[in-house]
$ cat target.cif   # mmCIF, C-alpha atoms
data_model
#
loop_
_atom_site.label_atom_id
_atom_site.label_comp_id
_atom_site.auth_asym_id
_atom_site.auth_seq_id
_atom_site.Cartn_x
_atom_site.Cartn_y
_atom_site.Cartn_z
CA MET V 10 167.84 106.39 175.83
CA THR V 11 170.47 106.85 178.51
CA GLY V 12 171.95 103.50 177.61
CA THR V 13 172.65 104.07 173.92
CA LEU V 14 176.30 103.23 174.38
CA ALA V 15 175.57 100.45 176.80
CA LEU V 16 173.05 98.79 174.48
CA MET V 17 175.06 95.67 173.85
CA LYS V 18 175.88 95.23 177.47
CA LEU V 19 172.31 94.66 178.65
CA SER V 20 172.07 91.42 180.52
CA HIS V 21 169.07 89.14 180.21
CA GLU V 22 168.03 90.30 183.65
CA GLN V 23 168.07 93.95 182.63
CA LEU V 24 166.21 93.16 179.42
CA ARG V 25 163.55 91.42 181.46
CA GLU V 26 163.26 94.52 183.60
CA GLU V 27 162.78 96.64 180.48
CA ILE V 28 160.08 94.40 179.08
CA LEU V 29 158.16 94.19 182.33
CA HIS V 30 158.75 97.71 183.57
CA ILE V 31 155.07 98.70 183.37
CA TRP V 32 153.96 95.81 185.52
CA ASN V 33 156.94 96.21 187.84
CA THR V 34 156.71 99.91 188.51
CA SER V 35 153.02 100.86 188.32
CA LYS V 36 152.28 99.68 191.84
CA HIS V 37 154.71 102.23 193.19
CA LYS V 38 153.79 105.22 191.06
CA TRP V 39 151.32 108.02 191.88
CA VAL V 40 150.60 106.37 195.21
CA ILE V 41 148.07 107.56 197.77
CA PRO V 42 148.68 105.20 200.69
CA ILE V 43 145.51 103.98 202.40
CA HIS V 44 145.29 101.09 204.84
CA ILE V 45 142.32 99.48 206.57
CA GLY V 46 143.87 97.47 209.34
CA PRO V 47 146.24 95.03 207.70
CA ILE V 48 144.64 95.41 204.29
CA ASP V 49 146.43 97.64 201.81
CA ILE V 50 144.01 99.63 199.64
CA SER V 51 146.44 102.27 198.48
CA ILE V 52 145.62 104.00 195.23
CA SER V 53 148.44 103.67 192.71
CA LYS V 54 148.83 104.04 188.93
CA ILE V 55 146.91 100.76 188.54
CA GLU V 56 143.85 102.08 190.35
CA TRP V 57 144.11 105.48 188.66
CA PHE V 58 143.73 103.87 185.26
CA LEU V 59 140.88 101.76 186.54
CA PHE V 60 139.14 104.95 187.66
CA ILE V 61 139.82 106.65 184.35
CA GLY V 62 138.40 103.68 182.49
CA VAL V 63 135.28 103.57 184.64
CA ALA V 64 134.85 107.33 184.30
CA ILE V 65 135.19 107.20 180.49
CA THR V 66 132.72 104.31 180.33
CA PHE V 67 130.21 106.19 182.41
CA LEU V 68 130.66 109.56 180.71
CA PHE V 69 130.52 108.08 177.22
CA LEU V 70 127.14 106.53 177.96
CA PHE V 71 125.87 109.22 180.30
CA ILE V 72 126.53 112.21 178.03
CA GLY V 73 125.06 110.19 175.19
CA SER V 74 121.92 109.58 177.23
CA ARG V 75 121.53 113.29 178.04
CA LEU V 76 121.87 114.54 174.49
CA LEU V 77 119.18 112.35 173.00
CA LYS V 78 117.41 113.98 170.11
CA ASP V 79 114.88 112.69 167.63
CA ARG V 80 117.28 113.29 164.78
CA PRO V 81 120.45 111.70 166.08
CA GLY V 82 123.98 112.89 165.36
CA ALA V 83 127.00 110.63 164.98
CA TYR V 84 127.72 110.52 168.71
CA GLN V 85 124.16 109.65 169.62
CA VAL V 86 124.09 106.93 166.99
CA LEU V 87 127.28 105.51 168.52
CA VAL V 88 125.76 105.44 172.00
CA GLU V 89 122.46 104.05 170.78
CA GLU V 90 124.22 101.45 168.70
CA THR V 91 126.21 100.44 171.76
CA TYR V 92 123.00 100.01 173.66
CA GLY V 93 121.43 98.23 170.70
CA PHE V 94 124.46 95.96 170.51
CA GLY V 95 123.90 95.00 174.14
CA ARG V 96 120.21 94.44 173.54
CA ASN V 97 120.55 92.41 170.36
CA MET V 98 123.89 90.64 170.68
CA LEU V 99 124.05 90.10 174.43
CA GLY V 100 120.34 90.12 175.28
CA GLY V 101 119.32 88.26 172.13
CA GLY V 102 117.04 91.11 171.02
CA GLY V 103 114.50 90.60 173.82
CA LYS V 104 114.61 86.80 173.81
CA GLY V 105 117.92 86.29 175.59
CA GLN V 106 120.55 83.82 174.43
CA ILE V 107 118.56 80.88 175.77
CA GLY V 108 115.35 82.24 177.27
CA GLU V 109 113.57 85.50 177.90
CA GLU V 110 114.56 85.63 181.55
CA GLY V 111 118.17 86.12 180.45
CA TYR V 112 117.27 89.30 178.56
CA ARG V 113 116.97 91.08 181.90
CA TRP V 114 120.70 90.60 182.42
CA PHE V 115 121.96 92.31 179.30
CA PRO V 116 122.47 95.72 180.96
CA TYR V 117 124.91 94.08 183.33
CA THR V 118 126.86 92.30 180.61
CA LEU V 119 126.72 95.41 178.46
CA ALA V 120 128.33 97.39 181.28
CA ILE V 121 131.06 94.74 181.44
CA PHE V 122 131.50 94.87 177.68
CA VAL V 123 131.86 98.65 177.48
CA LEU V 124 134.12 98.81 180.51
CA LEU V 125 136.42 96.08 179.21
CA LEU V 126 136.43 97.62 175.74
CA VAL V 127 137.41 101.01 177.14
CA LEU V 128 140.11 99.51 179.36
CA ASN V 129 141.46 97.32 176.55
CA LEU V 130 141.64 100.22 174.12
CA MET V 131 143.10 102.56 176.74
CA ALA V 132 145.78 99.97 177.37
CA LEU V 133 146.98 100.46 173.79
CA ILE V 134 148.07 104.01 174.60
CA PRO V 135 151.76 103.96 175.50
CA ASN V 136 152.73 104.48 179.12
CA THR V 137 149.28 103.68 180.46
CA TYR V 138 148.72 100.78 182.80
CA PRO V 139 146.71 98.05 181.09
CA VAL V 140 144.21 97.22 183.81
CA THR V 141 142.91 94.13 182.02
CA THR V 142 146.38 92.56 182.23
CA ASN V 143 145.97 92.26 185.97
CA LEU V 144 144.66 88.91 187.17
CA SER V 145 143.15 90.53 190.25
CA PHE V 146 140.99 92.68 188.01
CA THR V 147 139.81 89.95 185.63
CA GLY V 148 139.45 87.60 188.60
CA VAL V 149 137.05 89.89 190.41
CA LEU V 150 134.83 90.22 187.33
CA ALA V 151 134.91 86.46 186.86
CA ILE V 152 134.03 85.88 190.52
CA LEU V 153 131.11 88.31 190.16
CA THR V 154 129.93 86.25 187.20
CA PHE V 155 130.37 83.10 189.28
CA LEU V 156 128.37 84.52 192.19
CA ILE V 157 125.54 85.74 189.97
CA THR V 158 125.48 82.41 188.13
CA GLN V 159 125.24 80.32 191.29
CA TYR V 160 122.68 82.67 192.83
CA GLN V 161 120.46 82.53 189.74
CA GLY V 162 120.75 78.75 189.58
CA VAL V 163 119.68 78.32 193.19
CA LYS V 164 117.00 80.98 192.88
CA HIS V 165 115.31 79.37 189.87
CA HIS V 166 115.66 75.69 190.74
CA GLY V 167 116.13 75.59 194.50
CA LEU V 168 119.35 74.29 195.94
CA ARG V 169 118.39 70.62 195.55
CA GLY V 170 117.05 71.02 192.05
CA TYR V 171 120.07 73.03 190.98
CA LEU V 172 122.54 70.46 192.28
CA LYS V 173 120.50 67.60 190.82
CA ASP V 174 120.57 69.34 187.43
CA PHE V 175 124.36 69.08 187.37
CA ALA V 176 124.12 65.69 185.67
CA PRO V 177 121.45 64.46 183.26
CA PRO V 178 119.04 61.96 184.87
CA ASP V 179 118.84 59.47 181.97
CA LEU V 180 122.40 58.16 181.99
CA PRO V 181 123.30 54.54 181.30
CA ALA V 182 125.07 52.78 184.19
CA LYS V 183 123.69 55.47 186.36
CA ALA V 184 125.24 54.34 189.61
CA VAL V 185 128.74 54.96 188.28
CA LEU V 186 128.34 57.59 185.59
CA TRP V 187 126.00 59.92 187.35
CA PRO V 188 128.34 60.81 190.23
CA ALA V 189 131.21 61.10 187.79
CA MET V 190 129.27 63.46 185.56
CA TRP V 191 128.07 65.39 188.56
CA PHE V 192 131.61 65.81 189.79
CA LEU V 193 132.80 66.98 186.35
CA ARG V 194 130.03 69.53 186.25
CA LEU V 195 130.98 70.72 189.72
CA ILE V 196 134.54 71.29 188.56
CA GLN V 197 133.20 72.99 185.45
CA GLU V 198 131.29 75.49 187.56
CA PHE V 199 134.64 76.64 188.96
CA THR V 200 136.65 76.40 185.76
CA LYS V 201 134.15 78.63 183.97
CA PRO V 202 135.08 81.78 185.91
CA LEU V 203 138.70 80.70 186.00
CA THR V 204 138.87 80.47 182.21
CA LEU V 205 137.00 83.77 181.94
CA ALA V 206 139.60 85.51 184.06
CA VAL V 207 142.63 83.87 182.50
CA ARG V 208 141.39 84.18 178.89
CA LEU V 209 141.02 87.94 179.08
CA TYR V 210 144.18 88.44 181.11
CA ALA V 211 146.34 86.18 178.94
CA ASN V 212 145.11 87.53 175.61
CA ILE V 213 145.72 91.13 176.51
CA ILE V 214 149.01 90.69 178.32
CA SER V 215 150.43 88.43 175.62
CA GLY V 216 149.75 91.10 173.02
CA HIS V 217 151.52 93.70 175.10
CA LEU V 218 154.43 91.38 175.86
CA ILE V 219 154.89 90.48 172.19
CA ILE V 220 155.17 94.15 171.31
CA PHE V 221 157.60 94.81 174.16
CA VAL V 222 159.66 91.72 173.32
CA PHE V 223 159.98 92.77 169.69
CA LEU V 224 161.06 96.24 170.75
CA SER V 225 163.47 94.86 173.34
CA PHE V 226 165.33 93.11 170.53
CA ILE V 227 166.50 96.58 169.54
CA LEU V 228 168.08 96.94 172.97
CA TYR V 229 169.64 93.49 172.79
CA PHE V 230 170.87 93.25 169.19
CA GLY V 231 171.40 96.91 168.36
CA THR V 232 169.63 99.77 166.63
CA PHE V 233 169.71 98.17 163.17
CA PHE V 234 167.23 95.57 164.40
CA ALA V 235 164.52 98.25 164.38
CA ILE V 236 164.04 97.39 160.68
CA VAL V 237 162.49 94.12 161.85
CA SER V 238 161.17 95.07 165.27
CA VAL V 239 159.20 98.20 164.47
CA PRO V 240 157.10 96.78 161.58
CA ALA V 241 156.44 93.64 163.59
CA ALA V 242 155.43 95.71 166.62
CA VAL V 243 153.12 97.85 164.44
CA VAL V 244 151.48 94.76 162.97
CA PHE V 245 150.89 93.29 166.41
CA TYR V 246 149.69 96.63 167.68
CA ALA V 247 147.02 96.70 164.98
CA PHE V 248 146.12 93.11 165.81
CA GLU V 249 145.79 94.11 169.46
CA ILE V 250 143.02 96.56 168.58
CA PHE V 251 141.08 93.64 167.15
CA VAL V 252 141.89 91.48 170.19
CA ALA V 253 140.78 94.27 172.53
CA VAL V 254 137.30 94.31 170.97
CA ILE V 255 136.92 90.57 170.59
CA GLN V 256 138.04 89.78 174.14
CA ALA V 257 135.69 92.34 175.64
CA TYR V 258 132.86 90.78 173.64
CA ILE V 259 133.83 87.22 174.60
CA PHE V 260 133.91 88.06 178.29
CA ALA V 261 130.51 89.75 178.10
CA ILE V 262 128.75 87.13 175.98
CA LEU V 263 130.12 84.27 178.09
CA THR V 264 128.96 85.98 181.26
CA GLN V 265 125.53 86.35 179.67
CA VAL V 266 125.45 82.72 178.55
CA TYR V 267 126.65 81.39 181.92
CA ILE V 268 123.93 83.31 183.72
CA GLU V 269 121.28 82.02 181.33
CA ILE V 270 122.54 78.46 181.60
CA ALA V 271 122.15 78.75 185.35
CA ILE V 272 118.59 79.99 184.86
CA TYR V 273 117.48 77.46 182.24
CA GLY V 274 119.87 74.55 182.65
CA GLU V 275 122.17 73.06 180.01
CA GLY V 276 119.31 71.47 178.08
CA MET X 11 156.59 86.35 187.88
CA GLY X 12 155.15 88.22 190.79
CA THR X 13 154.46 91.36 188.83
CA ILE X 14 152.74 89.78 185.84
CA VAL X 15 150.60 87.35 187.81
CA ASP X 16 149.31 89.94 190.25
CA LEU X 17 146.69 87.76 191.86
CA THR X 18 146.42 89.30 195.33
CA ASN X 19 146.43 92.99 194.68
CA THR X 20 144.05 93.91 197.52
CA SER X 21 143.85 97.59 196.67
CA LEU X 22 142.92 96.87 193.02
CA ILE X 23 140.35 94.27 194.12
CA PHE X 24 138.85 96.67 196.63
CA TRP X 25 138.69 99.65 194.31
CA GLU X 26 137.48 97.57 191.41
CA ILE X 27 134.51 96.28 193.38
CA ILE X 28 133.70 99.78 194.59
CA SER X 29 134.03 101.50 191.24
CA PHE X 30 132.33 98.72 189.27
CA LEU X 31 129.35 98.72 191.60
CA ILE X 32 129.12 102.51 191.40
CA LEU X 33 129.34 102.24 187.61
CA LEU X 34 126.53 99.70 187.54
CA LEU X 35 124.42 101.82 189.85
CA LEU X 36 124.91 104.95 187.77
CA LEU X 37 124.29 103.13 184.50
CA TYR X 38 121.10 101.48 185.75
CA LYS X 39 119.84 104.70 187.26
CA PHE X 40 120.81 107.44 184.84
CA VAL X 41 121.91 105.97 181.55
CA TYR X 42 119.88 102.95 180.53
CA PRO X 43 116.35 104.31 181.12
CA PRO X 44 116.62 107.41 178.87
CA ILE X 45 118.36 105.51 176.09
CA ARG X 46 115.79 102.72 176.29
CA ASP X 47 112.93 105.22 176.25
CA GLN X 48 114.44 107.09 173.36
CA ILE X 49 114.90 103.95 171.32
CA GLN X 50 111.39 102.77 172.13
CA ARG X 51 109.95 106.15 171.26
CA ARG X 52 111.77 106.25 167.96
CA GLN X 53 110.68 102.71 167.24
CA ALA X 54 107.08 103.69 167.92
CA GLU X 55 107.47 106.73 165.70
CA ILE X 56 108.93 104.69 162.88
CA GLU X 57 106.16 102.14 163.17
CA GLU X 58 103.62 104.95 163.13
CA ALA X 59 105.24 106.47 160.06
CA ILE X 60 105.23 103.11 158.32
CA ASP X 61 101.56 102.64 159.17
CA GLU X 62 100.83 106.14 157.94
CA ALA X 63 102.66 105.52 154.69
CA GLU X 64 100.82 102.25 154.27
CA LYS X 65 97.51 104.00 154.81
CA THR X 66 98.38 106.80 152.41
CA ARG X 67 99.42 104.30 149.80
CA ASN X 68 96.19 102.40 150.18
CA GLU X 69 94.25 105.62 149.89
CA ALA X 70 96.18 106.58 146.79
CA ARG X 71 95.50 103.17 145.30
CA GLU X 72 91.81 103.49 146.04
CA LEU X 73 91.78 106.96 144.56
CA LEU X 74 93.49 105.73 141.43
CA GLU X 75 91.01 102.90 141.19
CA GLU X 76 88.20 105.39 141.56
CA TYR X 77 89.65 107.62 138.86
CA ARG X 78 90.08 104.69 136.55
CA ARG X 79 86.51 103.65 137.12
CA GLN X 80 85.25 107.16 136.53
CA MET X 81 87.31 107.45 133.39
CA GLU X 82 85.92 104.16 132.14
CA GLU X 83 82.41 105.33 132.96
CA ALA X 84 82.97 108.63 131.17
CA ARG X 85 84.22 106.77 128.12
CA HIS X 86 81.18 104.52 128.17
CA GLU X 87 78.93 107.52 128.60
CA ALA X 88 80.57 109.34 125.72
CA ARG X 89 80.19 106.32 123.46
CA ARG X 90 76.59 105.96 124.54
CA ILE X 91 75.84 109.61 123.85
CA LEU X 92 77.53 109.42 120.49
CA ASP X 93 75.60 106.31 119.55
CA GLU X 94 72.36 107.85 120.66
CA SER X 95 72.90 111.06 118.80
CA ARG X 96 73.88 109.13 115.73
CA LYS X 97 70.71 107.12 116.03
CA GLN X 98 68.71 110.24 116.63
CA GLY X 99 70.26 111.94 113.64
CA GLU X 100 69.49 108.91 111.55
CA ALA X 101 65.88 108.93 112.72
CA GLN X 102 65.57 112.65 112.14
CA ARG X 103 66.94 112.35 108.64
CA GLU X 104 64.58 109.52 107.91
CA ARG X 105 61.67 111.47 109.28
CA ILE X 106 62.58 114.61 107.37
CA LYS X 107 62.99 112.60 104.22
CA ASN X 108 59.58 111.04 104.71
CA GLU X 109 58.00 114.35 105.45
CA ALA X 110 59.60 115.91 102.44
CA ARG X 111 58.40 113.06 100.27
CA GLN X 112 54.88 113.38 101.64
CA GLU X 113 55.00 117.13 101.22
CA GLY X 114 56.21 116.73 97.67
CA ASP X 115 53.50 114.18 96.95
CA ARG X 116 50.96 116.44 98.47
CA ILE X 117 52.12 119.42 96.45
CA ILE X 118 52.16 117.38 93.26
CA ARG X 119 48.72 116.05 93.94
CA GLN X 120 47.44 119.56 94.65
CA ALA X 121 49.08 120.87 91.54
CA ARG X 122 47.47 118.11 89.54
CA GLU X 123 44.12 118.86 91.01
CA GLU X 124 44.62 122.53 90.33
CA ILE X 125 45.65 121.81 86.81
CA GLY X 126 42.64 119.55 86.33
CA ARG X 127 40.35 122.20 87.70
CA GLU X 128 41.89 124.90 85.55
CA ARG X 129 41.60 122.73 82.48
CA ASP X 130 37.97 121.98 83.15
CA MET X 131 37.30 125.62 83.73
CA ALA X 132 39.19 126.63 80.59
CA LEU X 133 37.42 123.96 78.64
CA ARG X 134 34.07 125.18 79.88
CA GLU X 135 34.96 128.75 79.06
CA VAL X 136 36.19 127.82 75.59
CA ARG X 137 33.05 125.87 75.00
CA GLN X 138 30.95 128.78 76.12
CA GLU X 139 32.98 131.11 73.98
CA VAL X 140 32.76 128.83 70.97
CA ALA X 141 29.02 128.43 71.48
CA ASP X 142 28.52 132.21 71.74
CA MET X 143 30.67 132.87 68.71
CA VAL X 144 28.91 130.22 66.70
CA ILE X 145 25.52 131.62 67.68
CA GLN X 146 26.55 135.12 66.76
CA ALA X 147 28.01 134.01 63.54
CA SER X 148 24.93 131.98 62.73
CA GLN X 149 22.67 134.95 63.56
CA GLN X 150 24.65 137.16 61.30
CA VAL X 151 24.60 134.54 58.57
CA LEU X 152 20.93 133.77 58.98
CA GLY X 153 20.04 137.31 59.76
CA ARG X 154 17.66 136.42 62.37
CA GLU X 155 17.26 135.46 65.85
CA ILE X 156 17.58 131.72 66.39
CA ASP X 157 16.36 129.81 69.21
CA ARG X 158 19.10 130.08 71.55
CA ASP X 159 18.32 126.96 73.55
CA GLU X 160 17.96 124.87 70.43
CA HIS X 161 21.16 126.17 69.18
CA GLU X 162 23.04 125.54 72.25
CA ARG X 163 21.90 121.98 72.34
CA LEU X 164 23.11 121.50 68.77
CA ILE X 165 26.46 122.95 69.52
CA GLU X 166 26.75 120.98 72.60
CA ALA X 167 26.17 117.81 70.68
CA ALA X 168 28.67 118.81 68.06
CA LEU X 169 31.28 119.57 70.62
CA ASP X 170 30.66 116.32 72.41
CA ASN X 171 30.99 114.60 69.10
CA LEU X 172 34.26 116.38 68.50
CA GLU X 173 35.55 115.56 71.92
CA ALA X 174 34.67 111.96 71.48
CA GLU X 175 36.49 111.98 68.18
CA VAL X 176 39.55 113.61 69.75
CA ALA X 177 39.48 111.15 72.66
CA GLY X 178 39.06 108.31 70.16
CA SER X 179 42.02 109.40 68.08
CA ALA X 180 44.07 109.90 71.30
CA GLY X 181 43.05 106.46 72.48
CA ARG X 182 44.02 104.96 69.17
CA ARG X 183 47.43 106.53 69.24
#
$ encode --input "target.cif" --output "structure tokens"
Amino acid sequence: MTGTLALMKLSHEQLREEILHIWNTSKHKWVIPIHIGPIDISISKIEWFLFIGVAITFLFLFIGSRLLKDRPGAYQVLVEETYGFGRNMLGGGGKGQIGEEGYRWFPYTLAIFVLLLVLNLMALIPNTYPVTTNLSFTGVLAILTFLITQYQGVKHHGLRGYLKDFAPPDLPAKAVLWPAMWFLRLIQEFTKPLTLAVRLYANIISGHLIIFVFLSFILYFGTFFAIVSVPAAVVFYAFEIFVAVIQAYIFAILTQVYIEIAIYGEG
Amino acid sequence: MGTIVDLTNTSLIFWEIISFLILLLLLYKFVYPPIRDQIQRRQAEIEEAIDEAEKTRNEARELLEEYRRQMEEARHEARRILDESRKQGEAQRERIKNEARQEGDRIIRQAREEIGRERDMALREVRQEVADMVIQASQQVLGREIDRDEHERLIEAALDNLEAEVAGSAGRR
């Protein structure tokens, strides 16, 4: 608000700074500097919000699991329904998405779902750092999915069997097509986690950027533009709540499906 | 671009791995088991309750069936009793009627016999009386003793004659 008089004088560069200020400044706020050799593991605003999100995730489920009664209240129903959601939607209600072996993995994907949901929703509070708009964060979760997927594939089929399963054996013109298919599948194994990471990151950050861009029009064109900017921002804000839930679910269900595909094969 | 595409944020990567693993550990150790147990227990309880309700309903149905059967039986029994008593009443009436008729017949027959006996007796007495009177009157008229036996025979014959005449006139009429 210091620049009320200088509103019209904002350059594109300054406007860009305004829009991106959260992502620009968070790394240098609330810093506890820690270094292991050359590696920087300082705790900044980014990590603080990660911790808060993890803590809320844990406490929400933990307190719910300690207060279990035979006649449940609203909070217990919420926690139980969350667990039931993981069991039925992610774990396929005991049968898994593809096979029963996959059911064992639903607690893992449920943890991802709740954590991402909490972080996504927290990110809608102004002046927080949206952790899920950081590619490092989504990338690590995607790489974990990748590692689990490959490990399960090798564990259930053996390394040879797993690699042989990359392409179907009954292809026409096998000598040419089979290596081509195999190579495509190989690339797919790496694009899967890549798309996981980028999908979540891009969906969440685009929502935030749209809101900030609409609001920045006020700075660029003048206060009167709030008539357009604020309703648009509110509409997109509401839409972002929906996106927050759906993206958390997509990440979790895809992780579940990828793991089960590795266990059972594409067929 | 560097701030939006924050691909090599080592501190976030490090702390994310640490905190996510701790989260998983805590969830697997302290959160999932009690919730799972609770849900399973409730499920078992609900199934039990459903079974119980099913059993109770079956029992109720059986009971109802039993009552219906008993009711039907009672109705049959009542009808049977009614029929029997009606039959019995009928038989009793018939028997009483018969008895009464027999009694009446018997009484009438007795009365007839009595009457017959009385008449005979009266007739004999009258005859005796008439005979005595005639004898007396004859004695007085004749002034002497007449042979009683002879006399009686005569009178007897006269009376018989008379009777025959009376019976003849009655038969003619």
$ resolve_selection --input "target.cif" --expression "the PyMOL selection byres ((chain V) within 8 of (chain X))" --output "PyMOL selection string"
chain V and resi 29+32-33+48-52+55-56+59-60+63+67+70-71+74-75+77+79+89+92+116-117+120+142-146+148-149
$ residues_around --input "target.cif" --residues "Leu76 in chain V" --least-positions-apart "3" --cutoff "8 Å" --atoms "only C-alpha atoms" --output "PyMOL selection string"
chain V and resi 72-73+85
$ atom_distance --input "target.cif" --atom1 "CA of His217 in chain V" --atom2 "CA of Phe230 in chain V"
20.2 Å
$ residues_around --input "target.cif" --residues "Pro188 in chain V" --least-positions-apart "6" --cutoff "10 Å" --atoms "all atoms listed in the file" --output "number ranges by chain"
V: 175-176, 194
$ atom_distance --input "target.cif" --atom1 "CA of Trp191 in chain V" --atom2 "CA of Val163 in chain V"
16.1 Å
$ resolve_selection --input "target.cif" --expression "the PyMOL selection byres ((chain V and resi 227) around 12)" --output "PyMOL selection string"
chain V and resi 10+12-13+16-17+19+24+27-28+220-226+228-239+242
$ resolve_selection --input "target.cif" --expression "the PyMOL selection byres ((chain V and resi 257) around 12)" --output "count of residues only"
39
$ residues_around --input "target.cif" --residues "range 267-275 of chain V" --least-positions-apart "2" --cutoff "6 Å" --atoms "only C-alpha atoms" --output "number ranges by chain"
V: 111, 158, 161-162, 263-265
$ residues_around --input "target.cif" --residues "range 129-144 of chain X" --least-positions-apart "2" --cutoff "8 Å" --atoms "only C-alpha atoms" --output "VMD selection string"
chain X and resid 125 to 127 146 to 148 162 165 to 166 169
$ write_last_selection --input "target.cif" --atoms "C-alpha atoms" --output "compact mmCIF listing (two decimals), in the frame of the given file"
# COMPACT_ATOMS: atom_id res chain seq x y z
CA ILE X 125 45.65 121.81 86.81
CA GLY X 126 42.64 119.55 86.33
CA ARG X 127 40.35 122.20 87.70
CA GLN X 146 26.55 135.12 66.76
CA ALA X 147 28.01 134.01 63.54
CA SER X 148 24.93 131.98 62.73
CA GLU X 162 23.04 125.54 72.25
CA ILE X 165 26.46 122.95 69.52
CA GLU X 166 26.75 120.98 72.60
CA LEU X 169 31.28 119.57 70.62
$ atom_distance --input "target.cif" --atom1 "CA of Arg79 in chain X" --atom2 "CA of Glu62 in chain X"
25.4 Å
